[in-house]
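What follows is the content of coords25.pdb (PDB, C-alpha atoms).
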ATOM      1  CA  MET Z 355     -26.617-231.115  98.111
ATOM      2  CA  LYS Z 356     -28.196-233.324 100.760
ATOM      3  CA  PRO Z 357     -28.935-236.228  98.321
ATOM      4  CA  VAL Z 358     -25.310-236.139  97.153
ATOM      5  CA  CYS Z 359     -24.071-236.408 100.745
ATOM      6  CA  ILE Z 360     -26.430-239.312 101.439
ATOM      7  CA  ALA Z 361     -25.327-241.159  98.290
ATOM      8  CA  LEU Z 362     -21.647-240.628  99.121
ATOM      9  CA  THR Z 363     -22.170-241.893 102.672
ATOM     10  CA  ILE Z 364     -23.898-245.045 101.411
ATOM     11  CA  CYS Z 365     -21.069-245.711  98.937
ATOM     12  CA  LEU Z 366     -18.464-245.281 101.654
ATOM     13  CA  ILE Z 367     -20.310-247.635 103.999
ATOM     14  CA  PHE Z 368     -20.596-250.371 101.379
ATOM     15  CA  GLY Z 369     -17.064-249.855 100.119
ATOM     16  CA  THR Z 370     -15.306-249.955 103.483
ATOM     17  CA  SER Z 371     -17.352-252.725 105.080
ATOM     18  CA  ALA Z 372     -17.027-255.094 102.135
ATOM     19  CA  THR Z 373     -13.282-254.801 101.566
ATOM     20  CA  ARG Z 374     -12.376-257.828 103.696
ATOM     21  CA  TYR Z 375     -14.911-260.119 101.988
ATOM     22  CA  ILE Z 376     -13.535-261.992  98.979
ATOM     23  CA  SER Z 377     -14.700-264.749  96.646
ATOM     24  CA  LEU Z 378     -12.962-268.062  97.295
ATOM     25  CA  PRO Z 379     -13.146-271.171  95.089
ATOM     26  CA  GLY Z 380     -15.760-273.595  96.425
ATOM     27  CA  TYR Z 381     -17.478-271.013  98.633
ATOM     28  CA  ALA Z 382     -21.038-270.081  97.658
ATOM     29  CA  PHE Z 383     -20.861-266.550  99.133
ATOM     30  CA  ARG Z 384     -18.274-263.797  99.405
ATOM     31  CA  THR Z 385     -16.582-264.503 102.720
ATOM     32  CA  ASP Z 386     -14.056-263.208 105.228
ATOM     33  CA  PRO Z 387     -11.154-265.697 105.021
ATOM     34  CA  SER Z 388     -10.009-264.949 108.583
ATOM     35  CA  CYS Z 389     -13.424-265.764 110.107
ATOM     36  CA  GLN Z 390     -14.050-269.067 111.940
ATOM     37  CA  ARG Z 391     -17.075-270.586 110.144
ATOM     38  CA  THR Z 392     -19.889-272.370 112.005
ATOM     39  CA  VAL Z 393     -21.486-273.994 108.914
ATOM     40  CA  SER Z 394     -20.169-275.596 105.717
ATOM     41  CA  LYS Z 395     -18.731-273.382 102.994
ATOM     42  CA  LEU Z 396     -21.767-274.092 100.784
ATOM     43  CA  GLN Z 397     -24.202-272.671 103.355
ATOM     44  CA  PHE Z 398     -24.602-269.037 104.342
ATOM     45  CA  ASP Z 399     -22.752-268.179 107.551
ATOM     46  CA  ARG Z 400     -24.285-265.046 109.086
ATOM     47  CA  ARG Z 401     -21.089-264.129 110.909
ATOM     48  CA  CYS Z 402     -18.565-264.639 108.078
ATOM     49  CA  ASP Z 403     -20.353-263.980 104.791
ATOM     50  CA  TRP Z 404     -21.321-260.791 102.975
ATOM     51  CA  PRO Z 405     -23.814-259.334 102.480
ATOM     52  CA  LYS Z 406     -25.570-260.122 105.718
ATOM     53  CA  VAL Z 407     -28.792-260.991 103.845
ATOM     54  CA  GLY Z 408     -27.093-263.794 101.890
ATOM     55  CA  ILE Z 409     -27.206-262.824  98.213
ATOM     56  CA  LYS Z 410     -25.184-265.474  96.356
ATOM     57  CA  ASP Z 411     -22.277-264.150  94.236
ATOM     58  CA  PHE Z 412     -22.785-260.598  95.518
ATOM     59  CA  THR Z 413     -20.278-258.006  94.330
ATOM     60  CA  PRO Z 414     -20.268-254.677  96.166
ATOM     61  CA  PRO Z 415     -20.493-251.536  94.026
ATOM     62  CA  THR Z 416     -17.215-250.068  92.816
ATOM     63  CA  LEU Z 417     -16.314-246.732  94.325
ATOM     64  CA  VAL Z 418     -15.545-244.115  91.706
ATOM     65  CA  GLY Z 419     -13.382-241.177  92.696
ATOM     66  CA  ILE Z 420     -14.961-237.788  92.320
ATOM     67  CA  GLY Z 421     -12.454-235.288  90.927
ATOM     68  CA  PHE Z 422     -12.890-231.600  91.496
TER
END

As structure tokens, what does this structure read like?
Amino acid sequence: MKPVCIALTICLIFGTSATRYISLPGYAFRTDPSCQRTVSKLQFDRRCDWPKVGIKDFTPPTLVGIGF
């Protein structure tokens, strides 16, 4: 049961924290459109882009509902 709880927690963290980050044309990374960038849109901006490690064209995992 403990591994299931850990996996669910990780999915929720990734799913809720990445919802504001979207792919925009011309931007190299998924970004928060409301964030004030400090570098060009082709460079990784630590404050505005997701994931924080800078993986180009990152897509967060899709959350699948668990029906009981």

Show me, as a PyMOL selection string, the residues that have an atom within 12 Å of Z:Gly380 when counting all atoms listed in the file, minus same-chain residues fewer than 4 positions from it.
chain Z and resi 384-385+394-397+411

Record the distance separating atom CA of Z:Ile376 and atom CA of Z:Gln390, expressed in Å with one decimal.
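Atom CA of Z:Gln390 lies at a distance of 14.8 Å from atom CA of Z:Ile376.
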
Atom CA of Z:Trp404 to atom CA of Z:Ala382 measures 10.7 Å

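Across the structure, atom CA of Z:Ile409 and atom CA of Z:Pro357 are spaced 26.7 Å apart.
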
Looking at Z:Thr392, Z:Pro387, Z:Lys356, Z:Tyr375, which one is nearest to Z:Pro405, with distances taken over all atoms listed in the file?
Z:Tyr375

Give the centre and edge lengths of an axis-aligned box, in Å to one decimal, that holds all listed atoms of stretch 388-396 of chain Z with 4 Å on each side, as AutoDock Vina command-line options.
--center_x -15.9 --center_y -270.3 --center_z 106.4 --size_x 19.8 --size_y 18.6 --size_z 19.2

Picked residues, the PyMOL selection byres ((chain Z and resi 401) around 9), expected as number ranges by chain:
Z: 389-392, 398-400, 402-404, 406
